[in-house]
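Dumped entry-v2.txt below, it's compact mmCIF, C-alpha atoms:
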```txt
# COMPACT_ATOMS: atom_id res chain seq x y z
CA MET T 30 25.77 102.77 106.03
CA PRO T 31 27.96 99.96 107.45
CA ASP T 32 30.66 98.30 105.36
CA ALA T 33 29.63 95.10 103.60
CA PRO T 34 30.59 92.02 105.64
CA LEU T 35 33.15 90.72 103.11
CA SER T 36 35.16 87.67 104.07
CA ASP T 37 38.84 87.63 104.99
CA ASN T 38 39.27 85.02 102.27
CA LEU T 39 38.04 87.46 99.62
CA ASN T 40 40.54 90.04 100.83
CA ARG T 41 43.35 87.62 99.94
CA VAL T 42 42.65 87.89 96.20
CA LYS T 43 42.78 90.52 93.47
CA PRO T 44 40.32 91.12 90.63
CA SER T 45 41.39 89.64 87.29
CA ALA T 46 43.93 92.00 85.71
CA THR T 47 43.14 90.87 82.17
CA LEU T 48 39.43 91.54 82.62
CA ALA T 49 40.26 94.91 84.17
CA VAL T 50 42.39 95.95 81.19
CA SER T 51 39.69 94.87 78.75
CA GLN T 52 37.09 96.87 80.70
CA GLN T 53 39.33 99.95 80.75
CA ALA T 54 39.76 99.68 76.98
CA ARG T 55 35.98 99.35 76.49
CA GLU T 56 35.34 102.45 78.61
CA LEU T 57 37.83 104.52 76.63
CA LYS T 58 36.30 103.33 73.34
CA ALA T 59 32.88 104.40 74.64
CA GLN T 60 34.37 107.88 75.14
CA GLY T 61 35.42 107.96 71.48
CA VAL T 62 39.11 107.10 71.98
CA ASP T 63 40.62 104.96 69.22
CA VAL T 64 41.83 102.24 71.60
CA ILE T 65 43.45 99.05 70.36
CA GLY T 66 42.90 96.37 73.00
CA LEU T 67 45.60 93.70 73.14
CA GLY T 68 44.53 92.44 76.55
CA ALA T 69 41.81 89.89 75.87
CA GLY T 70 42.64 86.20 75.42
CA GLU T 71 39.86 85.67 72.91
CA PRO T 72 40.08 84.58 69.26
CA ASP T 73 38.63 87.14 66.86
CA PHE T 74 37.32 84.33 64.63
CA ASP T 75 33.65 83.42 64.83
CA THR T 76 32.40 80.09 66.15
CA PRO T 77 32.22 77.69 63.15
CA ASP T 78 28.82 77.44 61.49
CA ASN T 79 28.36 73.71 62.14
CA ILE T 80 28.75 74.32 65.87
CA LYS T 81 26.27 77.20 65.86
CA ALA T 82 23.85 75.05 63.88
CA ALA T 83 24.11 72.30 66.49
CA ALA T 84 23.15 74.79 69.20
CA ILE T 85 20.18 76.04 67.18
CA ARG T 86 19.10 72.46 66.59
CA ALA T 87 19.30 71.73 70.31
CA ILE T 88 17.06 74.72 71.03
CA ASP T 89 14.57 73.66 68.34
CA GLU T 90 14.50 70.15 69.83
CA GLY T 91 13.79 71.48 73.32
CA LYS T 92 17.15 70.48 74.83
CA THR T 93 16.99 73.43 77.18
CA LYS T 94 16.35 71.75 80.54
CA TYR T 95 18.62 70.82 83.42
CA THR T 96 21.15 68.14 82.57
CA ALA T 97 23.31 65.83 84.65
CA VAL T 98 25.34 68.00 87.02
CA ASP T 99 28.72 67.52 85.33
CA GLY T 100 27.75 66.94 81.72
CA ILE T 101 25.44 65.10 79.35
CA PRO T 102 26.47 61.52 78.43
CA GLU T 103 26.91 62.49 74.77
CA LEU T 104 29.44 65.18 75.62
CA LYS T 105 31.31 62.98 78.06
CA GLU T 106 31.59 60.33 75.36
CA ALA T 107 32.85 62.93 72.86
CA ILE T 108 35.46 64.05 75.40
CA CYS T 109 36.58 60.47 75.98
CA GLN T 110 37.01 60.05 72.23
CA LYS T 111 38.92 63.33 72.01
CA PHE T 112 41.37 62.29 74.74
CA GLU T 113 41.90 58.93 73.01
CA ARG T 114 42.25 60.46 69.53
CA ASP T 115 44.45 63.43 70.36
CA ASN T 116 46.37 62.35 73.45
CA GLY T 117 46.34 58.55 73.59
CA LEU T 118 44.64 58.76 77.01
CA HIS T 119 41.85 56.40 77.95
CA TYR T 120 39.17 57.81 80.23
CA ALA T 121 35.76 56.31 81.00
CA PRO T 122 32.74 58.66 81.18
CA GLU T 123 32.74 58.48 84.98
CA GLN T 124 36.26 60.00 84.85
CA ILE T 125 35.05 63.10 82.99
CA ASN T 126 33.97 66.44 84.44
CA VAL T 127 32.24 69.11 82.34
CA SER T 128 32.02 72.56 83.92
CA PRO T 129 30.80 76.02 82.84
CA GLY T 130 34.28 77.08 81.67
CA GLY T 131 37.89 76.31 82.50
CA LYS T 132 37.99 78.37 85.70
CA PRO T 133 35.23 76.30 87.33
CA VAL T 134 37.15 73.11 86.54
CA ILE T 135 40.03 74.45 88.64
CA PHE T 136 37.70 75.73 91.37
CA ASN T 137 35.95 72.37 91.55
CA ALA T 138 39.22 70.45 91.77
CA PHE T 139 40.72 72.73 94.41
CA LEU T 140 37.55 72.96 96.52
CA ALA T 141 37.35 69.19 96.47
CA THR T 142 40.97 68.64 97.57
CA LEU T 143 42.61 71.60 99.32
CA ASN T 144 42.85 71.97 103.07
CA PRO T 145 44.19 75.09 104.86
CA GLY T 146 47.94 75.28 104.39
CA ASP T 147 48.06 72.99 101.36
CA GLU T 148 50.35 74.39 98.69
CA VAL T 149 49.68 74.81 94.99
CA LEU T 150 52.91 75.05 92.99
CA VAL T 151 52.51 77.69 90.28
CA PRO T 152 55.29 78.36 87.75
CA ALA T 153 55.59 82.05 86.84
CA PRO T 154 54.74 83.72 84.56
CA TYR T 155 51.29 82.25 85.23
CA TRP T 156 47.73 82.78 84.09
CA VAL T 157 46.43 85.49 86.41
CA SER T 158 43.74 83.36 88.07
CA TYR T 159 45.77 80.35 89.27
CA PRO T 160 47.09 81.80 92.56
CA ASP T 161 43.85 83.52 93.47
CA ILE T 162 41.71 80.45 92.81
CA ALA T 163 44.05 78.52 95.13
CA LYS T 164 43.62 81.21 97.80
CA LEU T 165 39.82 81.29 97.47
CA CYS T 166 39.78 77.52 97.92
CA GLY T 167 41.82 77.68 101.13
CA GLY T 168 45.22 76.81 99.68
CA SER T 169 48.52 78.66 99.53
CA PRO T 170 50.08 79.35 96.13
CA ARG T 171 53.83 78.73 96.02
CA ILE T 172 55.23 80.64 93.07
CA ILE T 173 58.19 79.17 91.14
CA GLU T 174 59.84 81.81 88.97
CA THR T 175 61.07 80.46 85.64
CA GLN T 176 63.79 81.97 83.47
CA ILE T 177 63.56 83.51 80.02
CA GLU T 178 66.78 81.63 79.12
CA ASN T 179 64.82 78.38 79.59
CA GLY T 180 61.96 79.65 77.44
CA PHE T 181 59.87 80.45 80.54
CA LYS T 182 59.56 76.70 81.21
CA LEU T 183 59.85 75.06 84.62
CA THR T 184 63.02 73.01 84.99
CA PRO T 185 63.31 69.79 87.02
CA GLU T 186 65.74 71.52 89.40
CA GLU T 187 63.34 74.41 90.02
CA LEU T 188 60.48 71.99 90.62
CA GLU T 189 62.37 69.82 93.07
CA ALA T 190 63.59 72.84 95.04
CA ALA T 191 60.00 74.09 95.42
CA ILE T 192 58.32 70.87 96.64
CA THR T 193 57.58 70.66 100.37
CA PRO T 194 55.57 68.18 102.47
CA ARG T 195 52.60 70.57 102.13
CA SER T 196 52.67 70.62 98.31
CA LYS T 197 49.43 69.12 96.96
CA TRP T 198 49.15 70.34 93.36
CA LEU T 199 51.47 71.43 90.57
CA ILE T 200 49.85 73.47 87.79
CA LEU T 201 51.29 73.06 84.30
CA ASN T 202 50.03 75.20 81.41
CA SER T 203 51.24 74.34 77.92
CA PRO T 204 51.14 76.24 75.62
CA SER T 205 51.29 78.97 78.22
CA ASN T 206 49.18 81.98 78.93
CA PRO T 207 50.93 84.50 79.03
CA THR T 208 54.16 83.47 77.30
CA GLY T 209 53.09 80.98 74.61
CA ALA T 210 55.86 78.63 75.79
CA ALA T 211 55.16 74.91 75.33
CA TYR T 212 56.68 71.82 76.94
CA SER T 213 58.10 69.11 74.70
CA ARG T 214 57.74 65.43 75.49
CA GLU T 215 61.31 65.46 76.79
CA ASP T 216 60.57 68.44 79.03
CA LEU T 217 57.58 66.64 80.54
CA GLU T 218 59.48 63.39 81.02
CA ALA T 219 62.18 65.28 82.94
CA LEU T 220 59.58 66.90 85.21
CA GLY T 221 57.93 63.49 85.59
CA GLU T 222 61.13 62.01 86.98
CA VAL T 223 60.96 64.53 89.81
CA LEU T 224 57.23 64.11 90.43
CA LEU T 225 57.50 60.33 90.66
CA LYS T 226 59.70 60.82 93.73
CA TYR T 227 56.94 62.81 95.46
CA PRO T 228 53.69 60.82 95.31
CA HIS T 229 51.82 63.39 97.43
CA VAL T 230 52.01 65.97 94.60
CA TRP T 231 49.21 65.90 92.03
CA VAL T 232 49.30 67.59 88.64
CA LEU T 233 46.66 69.85 87.10
CA THR T 234 47.61 70.31 83.47
CA ASP T 235 45.83 73.16 81.70
CA ASP T 236 45.85 72.22 78.00
CA MET T 237 43.41 74.92 76.87
CA TYR T 238 45.71 76.01 74.02
CA GLU T 239 46.58 72.47 72.90
CA HIS T 240 45.66 72.96 69.25
CA LEU T 241 47.20 76.43 68.92
CA ILE T 242 50.78 75.40 68.12
CA TYR T 243 53.16 76.42 65.35
CA ASP T 244 56.26 75.52 63.36
CA GLY T 245 55.65 71.78 63.58
CA PHE T 246 55.75 71.64 67.40
CA LYS T 247 54.32 68.37 68.70
CA PHE T 248 51.98 68.74 71.66
CA TYR T 249 52.08 66.30 74.58
CA THR T 250 50.22 66.34 77.87
CA ILE T 251 51.96 65.03 80.97
CA ALA T 252 49.84 61.91 81.59
CA GLN T 253 50.61 60.95 77.99
CA ALA T 254 54.35 61.61 78.29
CA VAL T 255 54.62 60.05 81.78
CA PRO T 256 51.94 57.31 82.05
CA ALA T 257 52.94 56.57 85.65
CA LEU T 258 51.40 59.94 86.61
CA TYR T 259 48.01 59.11 85.08
CA ASP T 260 46.41 58.25 88.45
CA ARG T 261 47.29 61.64 89.98
CA THR T 262 46.80 63.93 87.03
CA LEU T 263 43.79 66.07 86.17
CA THR T 264 43.96 66.73 82.43
CA MET T 265 42.01 69.93 81.76
CA ASN T 266 40.90 71.38 78.43
CA GLY T 267 37.95 73.19 76.86
CA VAL T 268 36.39 74.42 73.66
CA SER T 269 36.91 78.16 74.15
CA LYS T 270 40.20 78.82 72.37
CA SER T 271 40.55 76.17 69.65
CA TYR T 272 36.90 76.43 68.58
CA ALA T 273 36.39 80.19 69.19
CA MET T 274 33.72 79.43 71.79
CA THR T 275 34.80 81.66 74.69
CA GLY T 276 31.27 82.84 75.49
CA TRP T 277 29.78 79.34 75.37
CA ARG T 278 31.52 78.51 78.69
CA ILE T 279 32.45 74.84 78.43
CA GLY T 280 35.54 73.46 80.15
CA TYR T 281 36.24 69.81 80.83
CA ALA T 282 38.72 67.48 82.47
CA GLY T 283 39.64 63.83 82.78
CA GLY T 284 40.99 62.34 85.99
CA PRO T 285 40.69 59.68 88.69
CA LYS T 286 37.11 58.65 89.52
CA ASP T 287 37.29 59.71 93.17
CA LEU T 288 38.51 63.18 92.27
CA ILE T 289 35.86 63.57 89.56
CA ALA T 290 33.19 62.45 92.04
CA GLY T 291 34.39 65.09 94.50
CA MET T 292 34.24 67.76 91.80
CA ARG T 293 30.70 66.64 90.91
CA LYS T 294 29.72 67.01 94.57
CA VAL T 295 31.05 70.57 94.60
CA MET T 296 29.08 71.40 91.44
CA SER T 297 25.90 69.98 92.95
CA GLN T 298 26.02 72.77 95.52
CA SER T 299 27.39 75.55 93.31
CA THR T 300 26.86 75.98 89.58
CA SER T 301 24.93 72.77 88.86
CA ASN T 302 25.14 71.83 85.18
CA PRO T 303 26.82 73.81 82.39
CA THR T 304 24.37 75.39 79.93
CA SER T 305 22.54 72.62 78.10
CA VAL T 306 22.67 74.27 74.67
CA SER T 307 26.41 74.94 75.00
CA GLN T 308 26.97 71.28 75.82
CA TRP T 309 25.29 70.16 72.60
CA ALA T 310 27.36 72.69 70.67
CA ALA T 311 30.50 71.28 72.30
CA VAL T 312 29.55 67.76 71.19
CA GLU T 313 29.57 69.01 67.60
CA ALA T 314 32.83 70.90 68.15
CA LEU T 315 34.65 67.79 69.34
CA ASN T 316 33.03 65.31 66.93
CA GLY T 317 32.72 67.53 63.87
CA PRO T 318 35.25 68.70 61.26
CA GLN T 319 38.60 69.81 62.68
CA ASP T 320 40.28 71.07 59.50
CA PHE T 321 39.51 74.75 60.19
CA ILE T 322 41.90 74.66 63.16
CA ALA T 323 44.98 74.32 60.93
CA THR T 324 43.70 77.08 58.63
CA ARG T 325 43.19 79.48 61.52
CA ASN T 326 46.53 78.48 63.07
CA GLU T 327 48.31 79.64 59.95
CA VAL T 328 46.72 83.08 60.39
CA PHE T 329 47.76 83.13 64.05
CA ARG T 330 51.33 82.12 63.10
CA GLU T 331 51.55 84.98 60.60
CA ARG T 332 50.30 87.40 63.24
CA ARG T 333 52.77 86.03 65.78
CA ASP T 334 55.68 86.54 63.38
CA LEU T 335 54.55 90.09 62.62
CA VAL T 336 54.19 91.03 66.28
CA VAL T 337 57.48 89.43 67.38
CA ALA T 338 59.39 91.17 64.57
CA MET T 339 57.86 94.58 65.23
CA LEU T 340 58.26 94.41 69.02
CA ASN T 341 61.90 93.41 68.65
CA GLN T 342 62.34 96.51 66.47
CA ALA T 343 60.98 98.70 69.28
CA ASN T 344 63.59 100.51 71.35
CA GLY T 345 64.10 98.69 74.66
CA LEU T 346 61.95 95.57 74.07
CA ALA T 347 63.10 91.96 73.75
CA CYS T 348 60.52 89.41 72.62
CA ARG T 349 61.05 85.65 72.20
CA THR T 350 59.13 83.66 69.60
CA PRO T 351 56.59 81.40 71.36
CA GLU T 352 55.67 77.86 70.35
CA GLY T 353 51.92 78.24 70.79
CA ALA T 354 48.82 80.06 72.12
CA PHE T 355 48.26 83.61 70.87
CA TYR T 356 50.37 85.67 73.25
CA VAL T 357 53.83 87.16 73.37
CA TYR T 358 55.55 88.35 76.54
CA PRO T 359 58.16 90.98 75.71
CA ASP T 360 60.76 91.90 78.30
CA CYS T 361 60.76 95.66 78.97
CA ALA T 362 63.54 95.91 81.58
CA ALA T 363 65.44 98.42 79.44
CA LEU T 364 62.51 100.86 79.65
CA ILE T 365 62.19 100.92 83.44
CA GLY T 366 63.66 104.11 84.86
CA ARG T 367 63.04 106.15 81.74
CA THR T 368 60.75 109.18 81.65
CA GLY T 369 57.35 108.70 80.04
CA PRO T 370 55.23 111.12 78.00
CA SER T 371 53.51 112.31 81.19
CA GLY T 372 56.86 113.47 82.58
CA ALA T 373 56.91 110.79 85.27
CA VAL T 374 59.69 108.25 85.65
CA ILE T 375 58.44 104.77 84.74
CA GLU T 376 59.02 102.68 87.86
CA ASN T 377 57.54 99.32 86.82
CA ASP T 378 55.64 97.49 84.08
CA THR T 379 52.25 98.47 85.54
CA MET T 380 53.16 102.12 85.14
CA LEU T 381 54.54 101.41 81.66
CA ALA T 382 51.24 99.85 80.56
CA SER T 383 49.32 102.81 81.99
CA GLU T 384 51.52 105.34 80.15
CA LEU T 385 51.20 103.35 76.91
CA LEU T 386 47.40 103.37 77.18
CA ALA T 387 47.25 107.07 77.99
CA ASP T 388 49.73 108.15 75.30
CA GLN T 389 49.10 105.74 72.42
CA ALA T 390 45.72 104.15 73.28
CA VAL T 391 47.12 100.61 73.22
CA ALA T 392 45.96 98.32 76.04
CA VAL T 393 48.33 95.56 77.21
CA VAL T 394 48.48 93.63 80.49
CA PRO T 395 51.51 94.34 82.71
CA GLY T 396 53.75 91.46 83.74
CA ALA T 397 53.03 92.09 87.43
CA ALA T 398 49.63 90.46 86.86
CA PHE T 399 51.38 87.26 85.74
CA GLY T 400 53.94 87.10 88.51
CA MET T 401 57.03 88.08 86.52
CA SER T 402 58.25 91.60 85.82
CA PRO T 403 59.28 93.70 84.02
CA ALA T 404 57.32 92.57 80.98
CA PHE T 405 53.87 92.81 79.48
CA ARG T 406 51.52 90.49 77.61
CA VAL T 407 50.29 91.15 74.11
CA SER T 408 47.43 89.09 72.69
CA TYR T 409 47.64 88.75 68.92
CA ALA T 410 44.15 87.27 68.68
CA THR T 411 42.94 90.27 66.71
CA SER T 412 43.14 91.42 63.10
CA THR T 413 46.49 91.77 61.33
CA GLU T 414 45.61 95.37 60.46
CA LEU T 415 45.04 96.29 64.12
CA LEU T 416 48.19 94.45 65.21
CA GLN T 417 50.28 96.36 62.68
CA LYS T 418 48.80 99.63 63.88
CA ALA T 419 49.23 98.72 67.56
CA CYS T 420 52.87 97.71 67.12
CA GLU T 421 53.61 100.95 65.29
CA ARG T 422 52.13 102.82 68.25
CA ILE T 423 54.22 100.75 70.69
CA GLN T 424 57.36 101.53 68.65
CA LYS T 425 56.50 105.23 68.71
CA PHE T 426 55.90 105.11 72.47
CA CYS T 427 59.17 103.31 73.18
CA ALA T 428 61.10 105.78 71.01
CA SER T 429 59.58 108.70 72.96
CA LEU T 430 60.90 107.56 76.34
CA ARG T 431 63.89 109.46 77.72
```

The structure in this file should be written as structure tokens.
Amino acid sequence: MPDAPLSDNLNRVKPSATLAVSQQARELKAQGVDVIGLGAGEPDFDTPDNIKAAAIRAIDEGKTKYTAVDGIPELKEAICQKFERDNGLHYAPEQINVSPGGKPVIFNAFLATLNPGDEVLVPAPYWVSYPDIAKLCGGSPRIIETQIENGFKLTPEELEAAITPRSKWLILNSPSNPTGAAYSREDLEALGEVLLKYPHVWVLTDDMYEHLIYDGFKFYTIAQAVPALYDRTLTMNGVSKSYAMTGWRIGYAGGPKDLIAGMRKVMSQSTSNPTSVSQWAAVEALNGPQDFIATRNEVFRERRDLVVAMLNQANGLACRTPEGAFYVYPDCAALIGRTGPSGAVIENDTMLASELLADQAVAVVPGAAFGMSPAFRVSYATSTELLQKACERIQKFCASLR
């Protein structure tokens, strides 16, 4: 049987490493292995009852048909109010895009704007999908490695050194997946000073973890901190993380009308509208009570502190305390070159993660997937009991290396 006629473009990309780790953990669990999966970026909390009730109500009222391609008017209005309320940003409904998740927002923006050879500037460590989405859309990711001494945040000097005449987009993600690092207003203003010198560079800011912040950190998005960048910024967000609605698949963005129109055109020939019922649930999420977010954040903060403390007690790991999201990104450089339980010398963080899974049944995502090694990502979006158990296993594994 002949090989499938797969495109050269597809050969440029890799499958999602985080999804692969989660699948591997599921398969081992199905075999009866007591696996603790710390790979998924998914809150363990349930979707709030008022949001579920809004979805049920939408079904009962027959709101199950096609909608406008990029979102119902009610959701666009709720998003406009959210941007005004939380970020001091004014967007009209025609400046809003609603897509079936955060990834499609990025796909739509890049398909609408990238030409072959156009560069997408991606600070590392990065969310695993940014470079590959750029490649699938015909662009070329240009990776900018950040430093742990700077809290894994892009500096103005690093940004300026990376910009070329072909640079079209800069991706900013705050708080960050995978590090949890968050940019202050002053950080964003300093980056803005550089960007204002290069009007051909647009900014896609991924604010998906906006409400998951700790220790009194004040969140800002770049169009808010640097108003002069408003006309070339796509401000992206969604309901998945803050509202525990990962499976509902609703992402959204605000930006210039021409860009949003281009994204709508892409959607008209690809996904069409996001799920109608999910859109009505998202209206309730954005307009309804928000007090549960602070309550859940306190649980996440306690889990973060537990995980950071226990990982820093593990032999050979160094873990900074992040400002937000629900990830930590411990450095494991001191463990590379040691001999693992299998008897093999651990050559990199991918091998380290594999040995950890085989020996202690703890699934983490290696730093290679995020563009910066040697490290690995731990998601603490699971129960405190499981986190305690997982960290004890990690400590045992690290102590066993020779």

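Proximity of T:Leu346, T:Leu263, T:Leu35, T:Ala398 to Ser158 (chain T), computed with only C-alpha atoms, is greatest for T:Ala398.
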
_Excluding Leu233 (chain T) and its own-chain neighbours fewer than 4 positions away, which residues fall within 8 Å of it when counting only C-alpha atoms? Please give them as an NGL selection string._
:T and (198-201 or 262-265)

_From the options T:Ser128, T:Gln52, T:Thr175, T:Gln253, which residue's atoms come nearest to Ala311 (chain T), counting all atoms listed in the file?_
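Result for the nearest residue to Ala311 (chain T): T:Ser128.
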
Each region 190-306 of chain T residue no farther than 12 Å from region 315-325 of chain T, nearest pair in Å, all atoms listed in the file, as a tab-separated table:
```
residue	atom	partner	partner_atom	distance
T:Tyr238	CA	T:Ile322	CA	11.6
T:Glu239	CA	T:Ile322	CA	11.0
T:His240	CA	T:Ile322	CA	7.4
T:Leu241	CA	T:Ile322	CA	8.0
T:Ile242	CA	T:Ala323	CA	9.3
T:Tyr243	CA	T:Ala323	CA	9.5
T:Asp244	CA	T:Ala323	CA	11.6
T:Gly245	CA	T:Ala323	CA	11.3
T:Asn266	CA	T:Leu315	CA	11.6
T:Gly267	CA	T:Leu315	CA	9.8
T:Val268	CA	T:Leu315	CA	8.1
T:Ser269	CA	T:Leu315	CA	11.7
T:Lys270	CA	T:Ile322	CA	10.2
T:Ser271	CA	T:Ile322	CA	6.8
T:Tyr272	CA	T:Ile322	CA	7.6
T:Ala273	CA	T:Ile322	CA	9.9
T:Met274	CA	T:Leu315	CA	11.9
T:Ile279	CA	T:Leu315	CA	11.7
T:Tyr281	CA	T:Leu315	CA	11.8
```

*Give me the residues within 7 Å of Gly209 (chain T) as a list of chain:residue names, counting only C-alpha atoms and dropping any in the same chain fewer than 2 places off.*
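What passes the distance filter is T:Pro204, T:Ser205, T:Asn206, T:Pro207, T:Ala211, T:Pro351, T:Glu352, T:Gly353, T:Ala354, T:Phe355, T:Tyr356, T:Val357.
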
*Contacts of Ile88 (chain T) at 12 Å or less, counting all atoms listed in the file, minus same-chain residues fewer than 3 places along, as a ChimeraX atom specification?*
/T:81-85,91-94,304-310

*Option closest in space to Val64 (chain T), from T:Glu414, T:Asp99, T:Asp334, T:Asp388 [counting all atoms listed in the file]*: T:Asp388

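For the pair CA of Gln342 (chain T) and CA of Asp360 (chain T), the separation is 12.8 Å.
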
*Closest of T:Leu340, T:Val223, T:Gly146, T:Gln124 to Gln424 (chain T) - atom-to-atom distances counting all atoms listed in the file*: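 Closest to Gln424 (chain T) of all the choices is T:Leu340.
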
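Between Glu123 (chain T) and the residues T:Ile289, T:Leu225, T:Ala69, T:Ile162, the shortest atom-to-atom distance, using all atoms listed in the file, involves T:Ile289.
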
*Please provide the set of residues having any atom within 12 Å of Ile423 (chain T), restricted to all atoms listed in the file, with same-chain residues fewer than 5 positions apart removed, written as a ChimeraX atom specification.*
/T:65,67,336,339-346,359,361,381-382,384-393,405,407,416-418,428-430

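A straight line drawn from CA of Gly167 (chain T) to CA of Asp147 (chain T) is 7.8 Å long.
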